[in-house]
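Below is the file start07.pdb, which contains PDB, C-alpha atoms.
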```
MODEL        1
ATOM      1  CA  MET A   1       0.450  34.165 -19.792
ATOM      2  CA  SER A   2       2.270  34.319 -23.108
ATOM      3  CA  PRO A   3       0.522  32.846 -26.172
ATOM      4  CA  ARG A   4       1.509  29.336 -27.162
ATOM      5  CA  ARG A   5       4.225  29.174 -29.779
ATOM      6  CA  SER A   6       3.422  26.734 -32.544
ATOM      7  CA  TYR A   7       5.095  25.150 -35.536
ATOM      8  CA  ASP A   8       1.741  25.588 -37.315
ATOM      9  CA  GLN A   9       2.077  22.204 -38.971
ATOM     10  CA  TYR A  10      -0.763  19.703 -39.288
ATOM     11  CA  CYS A  11       1.339  16.856 -37.885
ATOM     12  CA  SER A  12       0.916  15.068 -34.542
ATOM     13  CA  ALA A  13       4.679  15.159 -33.851
ATOM     14  CA  ALA A  14       4.704  18.915 -34.426
ATOM     15  CA  ARG A  15       1.670  19.342 -32.147
ATOM     16  CA  ALA A  16       3.405  17.299 -29.452
ATOM     17  CA  LEU A  17       6.516  19.471 -29.732
ATOM     18  CA  ASP A  18       4.337  22.570 -29.433
ATOM     19  CA  ALA A  19       3.586  21.349 -25.896
ATOM     20  CA  VAL A  20       6.793  19.626 -24.758
ATOM     21  CA  GLY A  21       9.495  20.783 -27.162
ATOM     22  CA  ASP A  22      10.695  23.739 -25.086
ATOM     23  CA  ARG A  23      13.909  23.374 -23.106
ATOM     24  CA  TRP A  24      13.339  21.940 -19.591
ATOM     25  CA  THR A  25       9.740  20.796 -20.100
ATOM     26  CA  LEU A  26      10.455  17.054 -20.340
ATOM     27  CA  LEU A  27      12.929  17.250 -17.470
ATOM     28  CA  ILE A  28      10.185  18.792 -15.320
ATOM     29  CA  VAL A  29       8.036  15.802 -16.290
ATOM     30  CA  ARG A  30      10.895  13.507 -15.222
ATOM     31  CA  GLU A  31      10.895  15.117 -11.779
ATOM     32  CA  LEU A  32       7.108  15.042 -11.405
ATOM     33  CA  LEU A  33       6.983  11.319 -12.218
ATOM     34  CA  GLY A  34       8.300  11.047  -8.660
ATOM     35  CA  GLY A  35       5.094  12.594  -7.319
ATOM     36  CA  PRO A  36       3.961  16.103  -6.320
ATOM     37  CA  ARG A  37       6.816  18.594  -5.919
ATOM     38  CA  ARG A  38       7.083  22.108  -4.565
ATOM     39  CA  TYR A  39       8.576  24.803  -6.766
ATOM     40  CA  THR A  40      11.679  24.965  -4.556
ATOM     41  CA  ASP A  41      12.162  21.190  -4.815
ATOM     42  CA  LEU A  42      11.908  21.319  -8.601
ATOM     43  CA  HIS A  43      14.394  24.177  -8.782
ATOM     44  CA  ALA A  44      16.857  22.291  -6.565
ATOM     45  CA  ASP A  45      16.717  19.153  -8.729
ATOM     46  CA  LEU A  46      16.927  20.981 -12.063
ATOM     47  CA  PRO A  47      20.367  22.580 -11.726
ATOM     48  CA  GLY A  48      20.910  25.211 -14.393
ATOM     49  CA  VAL A  49      17.315  26.344 -14.851
ATOM     50  CA  SER A  50      16.573  29.958 -13.968
ATOM     51  CA  THR A  51      13.656  30.808 -11.694
ATOM     52  CA  ASP A  52      11.963  32.774 -14.494
ATOM     53  CA  VAL A  53      12.227  29.929 -16.998
ATOM     54  CA  LEU A  54      10.998  27.346 -14.495
ATOM     55  CA  ALA A  55       7.995  29.487 -13.555
ATOM     56  CA  SER A  56       7.200  30.057 -17.241
ATOM     57  CA  ARG A  57       7.426  26.363 -18.105
ATOM     58  CA  LEU A  58       5.184  25.390 -15.198
ATOM     59  CA  LYS A  59       2.549  27.906 -16.307
ATOM     60  CA  ASP A  60       2.717  26.589 -19.864
ATOM     61  CA  MET A  61       2.419  22.998 -18.681
ATOM     62  CA  GLU A  62      -0.606  23.844 -16.544
ATOM     63  CA  ARG A  63      -2.227  25.611 -19.518
ATOM     64  CA  ASP A  64      -1.561  22.556 -21.707
ATOM     65  CA  GLU A  65      -3.089  20.294 -19.018
ATOM     66  CA  LEU A  66       0.140  18.397 -18.395
ATOM     67  CA  THR A  67       0.277  19.487 -14.756
ATOM     68  CA  THR A  68      -1.968  20.852 -12.038
ATOM     69  CA  ARG A  69      -1.159  22.982  -9.024
ATOM     70  CA  ARG A  70      -2.774  22.521  -5.625
ATOM     71  CA  ARG A  71      -2.288  23.831  -2.128
ATOM     72  CA  LEU A  72      -1.311  21.410   0.612
ATOM     73  CA  PRO A  73      -3.440  21.453   3.770
ATOM     74  CA  PRO A  74      -1.983  22.966   6.969
ATOM     75  CA  PRO A  75       0.589  22.801   8.395
ATOM     76  CA  GLY A  76       2.247  22.506   4.963
ATOM     77  CA  ALA A  77       0.170  25.193   3.233
ATOM     78  CA  ALA A  78       2.559  25.189   0.246
ATOM     79  CA  TYR A  79       1.663  24.755  -3.398
ATOM     80  CA  VAL A  80       2.745  21.600  -5.182
ATOM     81  CA  TYR A  81       2.802  20.693  -8.857
ATOM     82  CA  GLU A  82       1.800  17.258 -10.101
ATOM     83  CA  LEU A  83       1.235  15.517 -13.393
ATOM     84  CA  THR A  84      -2.192  15.008 -14.875
ATOM     85  CA  SER A  85      -3.019  11.685 -16.487
ATOM     86  CA  ARG A  86      -2.028  13.224 -19.829
ATOM     87  CA  GLY A  87       1.286  14.359 -18.387
ATOM     88  CA  ARG A  88       1.939  10.887 -17.002
ATOM     89  CA  GLU A  89       1.423   9.477 -20.499
ATOM     90  CA  LEU A  90       4.799  11.036 -21.342
ATOM     91  CA  LEU A  91       6.569   8.259 -19.396
ATOM     92  CA  PRO A  92       7.165   6.035 -22.461
ATOM     93  CA  VAL A  93       8.356   9.106 -24.370
ATOM     94  CA  LEU A  94      10.970   9.807 -21.705
ATOM     95  CA  GLN A  95      11.898   6.124 -21.542
ATOM     96  CA  ALA A  96      12.423   6.011 -25.305
ATOM     97  CA  LEU A  97      14.442   9.236 -25.260
ATOM     98  CA  GLY A  98      16.594   7.903 -22.435
ATOM     99  CA  GLU A  99      17.287   4.678 -24.279
ATOM    100  CA  TRP A 100      18.029   6.540 -27.525
ATOM    101  CA  GLY A 101      20.318   9.016 -25.749
ATOM    102  CA  ALA A 102      22.246   6.439 -23.699
ATOM    103  CA  PRO A 103      25.127   6.036 -26.201
ATOM    104  CA  ALA A 104      25.704   9.802 -26.141
ATOM    105  CA  LEU A 105      26.361   9.906 -22.388
ATOM    106  CA  GLY A 106      30.010   8.909 -22.539
ATOM    107  CA  GLU A 107      32.094   9.430 -19.409
ATOM    108  CA  ARG A 108      30.727  11.757 -16.768
ATOM    109  CA  ARG A 109      32.099  15.286 -17.238
ATOM    110  CA  PRO A 110      33.337  17.407 -14.286
ATOM    111  CA  THR A 111      30.520  19.882 -14.986
ATOM    112  CA  ASP A 112      27.775  17.225 -15.017
ATOM    113  CA  ALA A 113      25.303  17.433 -12.137
ATOM    114  CA  VAL A 114      23.882  14.174 -10.818
ATOM    115  CA  ARG A 115      21.026  13.140  -8.557
ATOM    116  CA  ALA A 116      20.499   9.570  -7.402
ATOM    117  CA  HIS A 117      16.859   9.493  -8.537
ATOM    118  CA  TRP A 118      17.839  10.341 -12.140
ATOM    119  CA  PHE A 119      18.752   6.662 -12.376
ATOM    120  CA  ALA A 120      15.152   5.661 -11.586
ATOM    121  CA  LEU A 121      13.865   5.617 -15.170
ATOM    122  CA  PRO A 122      16.718   3.545 -16.673
ATOM    123  CA  LEU A 123      16.506   1.217 -13.678
ATOM    124  CA  LEU A 124      12.772   0.753 -14.190
ATOM    125  CA  ARG A 125      13.491  -0.207 -17.812
ATOM    126  CA  GLY A 126      16.055  -2.720 -16.608
ATOM    127  CA  LEU A 127      13.764  -4.200 -13.960
ATOM    128  CA  ASP A 128      10.997  -4.573 -16.524
ATOM    129  CA  ALA A 129      13.406  -6.343 -18.919
ATOM    130  CA  ALA A 130      14.426  -8.630 -16.063
ATOM    131  CA  GLY A 131      10.784  -9.630 -15.522
ATOM    132  CA  ALA A 132      10.831  -8.382 -11.939
ATOM    133  CA  GLY A 133       7.048  -8.071 -11.715
ATOM    134  CA  GLU A 134       5.506  -5.690  -9.194
ATOM    135  CA  GLY A 135       6.680  -4.342  -5.874
ATOM    136  CA  LEU A 136       8.718  -1.727  -4.036
ATOM    137  CA  VAL A 137      12.488  -1.637  -4.564
ATOM    138  CA  GLU A 138      14.902   0.441  -2.502
ATOM    139  CA  VAL A 139      18.088   1.393  -4.336
ATOM    140  CA  HIS A 140      21.426   2.324  -2.742
ATOM    141  CA  LEU A 141      23.900   4.251  -4.920
ATOM    142  CA  ASP A 142      27.103   6.100  -4.117
ATOM    143  CA  GLU A 143      25.154   9.351  -4.739
ATOM    144  CA  GLY A 144      22.323   8.456  -2.358
ATOM    145  CA  ARG A 145      19.175   6.367  -2.017
ATOM    146  CA  PHE A 146      15.855   6.287  -3.787
ATOM    147  CA  HIS A 147      13.023   3.815  -4.246
ATOM    148  CA  VAL A 148      10.929   2.742  -7.229
ATOM    149  CA  TRP A 149       7.452   1.262  -7.514
ATOM    150  CA  LEU A 150       7.224  -1.524 -10.087
ATOM    151  CA  GLY A 151       3.880  -1.885 -11.845
ATOM    152  CA  ALA A 152       2.543   1.403 -10.462
ATOM    153  CA  GLY A 153      -0.497   2.252 -12.569
ATOM    154  CA  GLU A 154      -1.083   5.415 -10.560
ATOM    155  CA  GLY A 155       0.866   7.536  -8.118
ATOM    156  CA  PRO A 156       4.616   8.161  -8.016
ATOM    157  CA  LEU A 157       6.984   5.918  -9.937
ATOM    158  CA  TYR A 158       9.863   6.702  -7.608
ATOM    159  CA  GLY A 159      10.852   8.758  -4.575
ATOM    160  CA  ASP A 160      13.986  10.074  -2.914
ATOM    161  CA  GLY A 161      15.432   8.424   0.167
ATOM    162  CA  THR A 162      14.525   5.184   1.871
ATOM    163  CA  ALA A 163      11.321   3.335   1.007
ATOM    164  CA  PRO A 164       8.177   4.365   2.934
ATOM    165  CA  ARG A 165       7.686   0.756   4.054
ATOM    166  CA  GLU A 166       9.700  -2.437   4.094
ATOM    167  CA  PRO A 167      10.747  -2.877   0.459
ATOM    168  CA  ASP A 168      10.311  -6.103  -1.466
ATOM    169  CA  ALA A 169      13.981  -5.907  -2.462
ATOM    170  CA  ARG A 170      17.041  -3.728  -1.851
ATOM    171  CA  LEU A 171      19.577  -3.181  -4.617
ATOM    172  CA  THR A 172      23.074  -1.785  -4.101
ATOM    173  CA  LEU A 173      25.079  -0.622  -7.119
ATOM    174  CA  ASP A 174      28.403   1.202  -7.399
ATOM    175  CA  THR A 175      29.029   4.188  -9.670
ATOM    176  CA  ARG A 176      30.796   2.144 -12.356
ATOM    177  CA  THR A 177      27.832  -0.219 -12.721
ATOM    178  CA  CYS A 178      25.299   2.647 -12.766
ATOM    179  CA  GLU A 179      27.202   4.540 -15.434
ATOM    180  CA  ALA A 180      27.604   1.437 -17.620
ATOM    181  CA  MET A 181      23.874   0.760 -17.425
ATOM    182  CA  SER A 182      23.040   4.418 -18.124
ATOM    183  CA  ARG A 183      25.279   4.402 -21.221
ATOM    184  CA  GLY A 184      23.755   1.166 -22.458
ATOM    185  CA  THR A 185      27.068  -0.702 -22.384
ATOM    186  CA  SER A 186      25.635  -3.042 -19.760
ATOM    187  CA  THR A 187      22.150  -4.062 -18.662
ATOM    188  CA  LEU A 188      20.652  -4.833 -15.294
ATOM    189  CA  LEU A 189      20.470  -8.490 -16.327
ATOM    190  CA  ASP A 190      24.194  -8.443 -17.123
ATOM    191  CA  ALA A 191      25.004  -6.775 -13.813
ATOM    192  CA  LEU A 192      22.854  -9.214 -11.821
ATOM    193  CA  ARG A 193      24.455 -12.214 -13.484
ATOM    194  CA  GLU A 194      27.961 -10.806 -12.979
ATOM    195  CA  GLY A 195      27.272 -10.103  -9.312
ATOM    196  CA  SER A 196      27.738  -6.336  -9.770
ATOM    197  CA  VAL A 197      24.394  -5.687  -8.065
ATOM    198  CA  ASP A 198      23.854  -6.762  -4.473
ATOM    199  CA  VAL A 199      20.264  -7.934  -3.925
ATOM    200  CA  ALA A 200      18.932  -8.082  -0.375
ATOM    201  CA  GLY A 201      15.539  -9.222   0.867
ATOM    202  CA  GLU A 202      13.599 -12.434   1.322
ATOM    203  CA  GLY A 203      10.496 -11.573  -0.672
ATOM    204  CA  THR A 204       9.457 -13.052  -4.003
ATOM    205  CA  LEU A 205      10.810 -10.096  -5.961
ATOM    206  CA  ALA A 206      14.250 -10.268  -4.335
ATOM    207  CA  LYS A 207      14.476 -13.998  -4.882
ATOM    208  CA  ALA A 208      13.462 -13.603  -8.531
ATOM    209  CA  LEU A 209      16.214 -11.041  -9.110
ATOM    210  CA  ARG A 210      18.822 -13.278  -7.505
ATOM    211  CA  GLU A 211      17.819 -16.138  -9.771
ATOM    212  CA  VAL A 212      17.924 -14.389 -13.179
TER     213      VAL A 212
ENDMDL
END
```
Please rewrite the model in this file as structure tokens.
Amino acid sequence: MSPRRSYDQYCSAARALDAVGDRWTLLIVRELLGGPRRYTDLHADLPGVSTDVLASRLKDMERDELTTRRRLPPPGAAYVYELTSRGRELLPVLQALGEWGAPALGERRPTDAVRAHWFALPLLRGLDAAGAGEGLVEVHLDEGRFHVWLGAGEGPLYGDGTAPREPDARLTLDTRTCEAMSRGTSTLLDALREGSVDVAGEGTLAKALREV
């Protein structure tokens, strides 16, 4: 394992960047906030990263105690990577970066990759601002489906595909609404009040979102 590169500055921001300032590291954290992932899954959802760079970053993150690696029991028998509690503490950092970077998104470029679950973190910010409380929300986008756990103190914050149980609410958004919210030109509250988000479900959470 290569030695850690350091700014050699007695500054907490510099120390933090020693650990997470390399290209791809925070995006790996973004993926692992969705729960344990195999190497092949991470590579598939990080288009543009080389296999060598991904392997190197994962080793560095394990050394810095941001992630752990464990072997699944049979019949899976594959290794998965997951965040430690310290790695999970990077959630507000990613949330702040996402909010700060929203105005720079602009229109989607032809070369831009997209995955439905990349909208999970901005959506969680929006649901929190809307006072949605706690629960499981299934989200339907033009790019696919994912689900988010509101108020999850532990475990995954989101997952690909349909919810593992009956969700407390289902949200359906079109691409235009998603992109406006991602750029910060609209909020979830705005979209709910304008009727740009379809809310389905009879639970308390769904009713609360319909009444904002």
Check what the PyMOL selection byres ((chain A and resi 93-110) around 9) selects in the file above and give those residues as a list in words. Leu26, Leu27, Val29, Arg30, Glu89, Leu90, Leu91, Pro92, Thr111, Asp112, Ala113, Leu121, Pro122, Arg125, Glu179, Met181, Ser182, Arg183, Gly184 and Thr185 of chain A
What does the distance between atom CA of Pro156 of chain A and atom CA of Gly131 of chain A come to in Å, to one decimal place?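 Separation between atom CA of Pro156 of chain A and atom CA of Gly131 of chain A: 20.3 Å.
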Around (1.3, -6.5, -10.1) in the file's frame, which residues reach within 9 Å when counting all atoms listed in the file? Return as a PDB file with C-alpha atoms, in the coordinates of the input?
```pdb
ATOM      1  CA  GLY A 133       7.048  -8.071 -11.715  1.00  0.00           C
ATOM      2  CA  GLU A 134       5.506  -5.690  -9.194  1.00  0.00           C
ATOM      3  CA  GLY A 135       6.680  -4.342  -5.874  1.00  0.00           C
ATOM      4  CA  LEU A 150       7.224  -1.524 -10.087  1.00  0.00           C
ATOM      5  CA  GLY A 151       3.880  -1.885 -11.845  1.00  0.00           C
ATOM      6  CA  ALA A 152       2.543   1.403 -10.462  1.00  0.00           C
TER       7      ALA A 152
END
```
So which residues get picked by the PyMOL selection byres ((chain A and resi 72-82) around 12) here, written as a count of residues only? 37
Atomic separation - atom CA of Glu202 of chain A relative to atom CA of Glu166 of chain A, Å: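 Between these atoms lies a distance of 11.1 Å.
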In Å, how far is it from atom CA of Gly21 of chain A to atom CA of Ala129 of chain A? 28.6 Å
Excluding Ala19 of chain A and residues on its chain fewer than 3 positions from it, collect all residues at most 10 Å away from it, counting all atoms listed in the file, and give them as number ranges by chain. A: 4-6, 14-16, 22, 25-26, 60-61, 63-66
Report the residues retrieved by the PyMOL selection byres ((chain A and resi 204-210) around 10) from the displayed file, expressed as a VMD selection string. chain A and resid 127 130 to 137 167 to 171 188 to 189 192 to 193 195 197 to 203 211 to 212
Given the selection you just returned, output its residues as a file containing C-alpha atoms, formatted as a PDB file, in the coordinates of the input.
```
ATOM      1  CA  LEU A 127      13.764  -4.200 -13.960  1.00  0.00           C
ATOM      2  CA  ALA A 130      14.426  -8.630 -16.063  1.00  0.00           C
ATOM      3  CA  GLY A 131      10.784  -9.630 -15.522  1.00  0.00           C
ATOM      4  CA  ALA A 132      10.831  -8.382 -11.939  1.00  0.00           C
ATOM      5  CA  GLY A 133       7.048  -8.071 -11.715  1.00  0.00           C
ATOM      6  CA  GLU A 134       5.506  -5.690  -9.194  1.00  0.00           C
ATOM      7  CA  GLY A 135       6.680  -4.342  -5.874  1.00  0.00           C
ATOM      8  CA  LEU A 136       8.718  -1.727  -4.036  1.00  0.00           C
ATOM      9  CA  VAL A 137      12.488  -1.637  -4.564  1.00  0.00           C
ATOM     10  CA  PRO A 167      10.747  -2.877   0.459  1.00  0.00           C
ATOM     11  CA  ASP A 168      10.311  -6.103  -1.466  1.00  0.00           C
ATOM     12  CA  ALA A 169      13.981  -5.907  -2.462  1.00  0.00           C
ATOM     13  CA  ARG A 170      17.041  -3.728  -1.851  1.00  0.00           C
ATOM     14  CA  LEU A 171      19.577  -3.181  -4.617  1.00  0.00           C
ATOM     15  CA  LEU A 188      20.652  -4.833 -15.294  1.00  0.00           C
ATOM     16  CA  LEU A 189      20.470  -8.490 -16.327  1.00  0.00           C
ATOM     17  CA  LEU A 192      22.854  -9.214 -11.821  1.00  0.00           C
ATOM     18  CA  ARG A 193      24.455 -12.214 -13.484  1.00  0.00           C
ATOM     19  CA  GLY A 195      27.272 -10.103  -9.312  1.00  0.00           C
ATOM     20  CA  VAL A 197      24.394  -5.687  -8.065  1.00  0.00           C
ATOM     21  CA  ASP A 198      23.854  -6.762  -4.473  1.00  0.00           C
ATOM     22  CA  VAL A 199      20.264  -7.934  -3.925  1.00  0.00           C
ATOM     23  CA  ALA A 200      18.932  -8.082  -0.375  1.00  0.00           C
ATOM     24  CA  GLY A 201      15.539  -9.222   0.867  1.00  0.00           C
ATOM     25  CA  GLU A 202      13.599 -12.434   1.322  1.00  0.00           C
ATOM     26  CA  GLY A 203      10.496 -11.573  -0.672  1.00  0.00           C
ATOM     27  CA  GLU A 211      17.819 -16.138  -9.771  1.00  0.00           C
ATOM     28  CA  VAL A 212      17.924 -14.389 -13.179  1.00  0.00           C
TER      29      VAL A 212
END
```
Near-Pro164 of chain A list (10 Å; all atoms listed in the file; drop same-chain fewer than 5 positions) as number ranges by chain: A: 136, 138, 147, 159
When you look at Arg115 of chain A with a cut-off of 12 Å (counting all atoms listed in the file), what residues show up, excluding the ones that are within fewer than 6 positions of it in the same chain? I need them as an NGL selection string. :A and (31 or 44-47 or 141-146 or 159-161)
Could you add N, CA and C atoms to segment 7-33 of chain A and give me the result as a compact mmCIF listing (two decimals), in the frame of the given file?
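Result file follows (rebuild-v1.txt):
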```
# COMPACT_ATOMS: atom_id res chain seq x y z
N TYR A 7 4.48 25.39 -34.23
CA TYR A 7 5.10 25.15 -35.54
C TYR A 7 4.08 25.37 -36.67
N ASP A 8 2.81 25.41 -36.31
CA ASP A 8 1.74 25.59 -37.32
C ASP A 8 1.86 24.55 -38.43
N GLN A 9 2.02 23.32 -38.02
CA GLN A 9 2.08 22.20 -38.97
C GLN A 9 1.02 21.18 -38.58
N TYR A 10 0.27 20.70 -39.56
CA TYR A 10 -0.76 19.70 -39.29
C TYR A 10 -0.11 18.32 -39.23
N CYS A 11 0.55 18.08 -38.11
CA CYS A 11 1.34 16.86 -37.88
C CYS A 11 1.33 16.59 -36.39
N SER A 12 1.03 15.37 -35.98
CA SER A 12 0.92 15.07 -34.54
C SER A 12 2.25 15.26 -33.82
N ALA A 13 3.37 14.95 -34.49
CA ALA A 13 4.68 15.16 -33.85
C ALA A 13 4.92 16.64 -33.61
N ALA A 14 4.55 17.47 -34.59
CA ALA A 14 4.70 18.92 -34.43
C ALA A 14 3.81 19.43 -33.30
N ARG A 15 2.58 18.92 -33.22
CA ARG A 15 1.67 19.34 -32.15
C ARG A 15 2.24 18.94 -30.78
N ALA A 16 2.81 17.74 -30.71
CA ALA A 16 3.40 17.30 -29.45
C ALA A 16 4.55 18.22 -29.06
N LEU A 17 5.38 18.60 -30.03
CA LEU A 17 6.52 19.47 -29.73
C LEU A 17 6.07 20.88 -29.39
N ASP A 18 4.89 21.29 -29.88
CA ASP A 18 4.34 22.57 -29.43
C ASP A 18 4.21 22.59 -27.91
N ALA A 19 3.84 21.44 -27.34
CA ALA A 19 3.59 21.35 -25.90
C ALA A 19 4.82 21.00 -25.08
N VAL A 20 5.68 20.12 -25.60
CA VAL A 20 6.79 19.63 -24.76
C VAL A 20 8.16 19.86 -25.38
N GLY A 21 8.22 20.61 -26.48
CA GLY A 21 9.49 20.78 -27.16
C GLY A 21 10.38 21.87 -26.58
N ASP A 22 9.87 22.70 -25.68
CA ASP A 22 10.70 23.74 -25.09
C ASP A 22 11.71 23.14 -24.12
N ARG A 23 12.86 23.80 -24.02
CA ARG A 23 13.91 23.37 -23.11
C ARG A 23 13.36 23.29 -21.68
N TRP A 24 13.67 22.23 -20.99
CA TRP A 24 13.34 21.94 -19.59
C TRP A 24 12.00 21.26 -19.40
N THR A 25 11.08 21.33 -20.35
CA THR A 25 9.74 20.80 -20.10
C THR A 25 9.77 19.30 -19.78
N LEU A 26 10.44 18.50 -20.59
CA LEU A 26 10.46 17.05 -20.34
C LEU A 26 11.23 16.70 -19.08
N LEU A 27 12.21 17.52 -18.71
CA LEU A 27 12.93 17.25 -17.47
C LEU A 27 12.05 17.57 -16.25
N ILE A 28 11.16 18.55 -16.38
CA ILE A 28 10.18 18.79 -15.32
C ILE A 28 9.26 17.59 -15.19
N VAL A 29 8.85 17.02 -16.33
CA VAL A 29 8.04 15.80 -16.29
C VAL A 29 8.79 14.69 -15.58
N ARG A 30 10.08 14.53 -15.89
CA ARG A 30 10.90 13.51 -15.22
C ARG A 30 10.83 13.66 -13.71
N GLU A 31 10.94 14.89 -13.22
CA GLU A 31 10.90 15.12 -11.78
C GLU A 31 9.51 14.83 -11.21
N LEU A 32 8.46 15.22 -11.93
CA LEU A 32 7.11 15.04 -11.40
C LEU A 32 6.62 13.60 -11.49
N LEU A 33 7.30 12.75 -12.26
CA LEU A 33 6.98 11.32 -12.22
C LEU A 33 7.28 10.73 -10.83
```
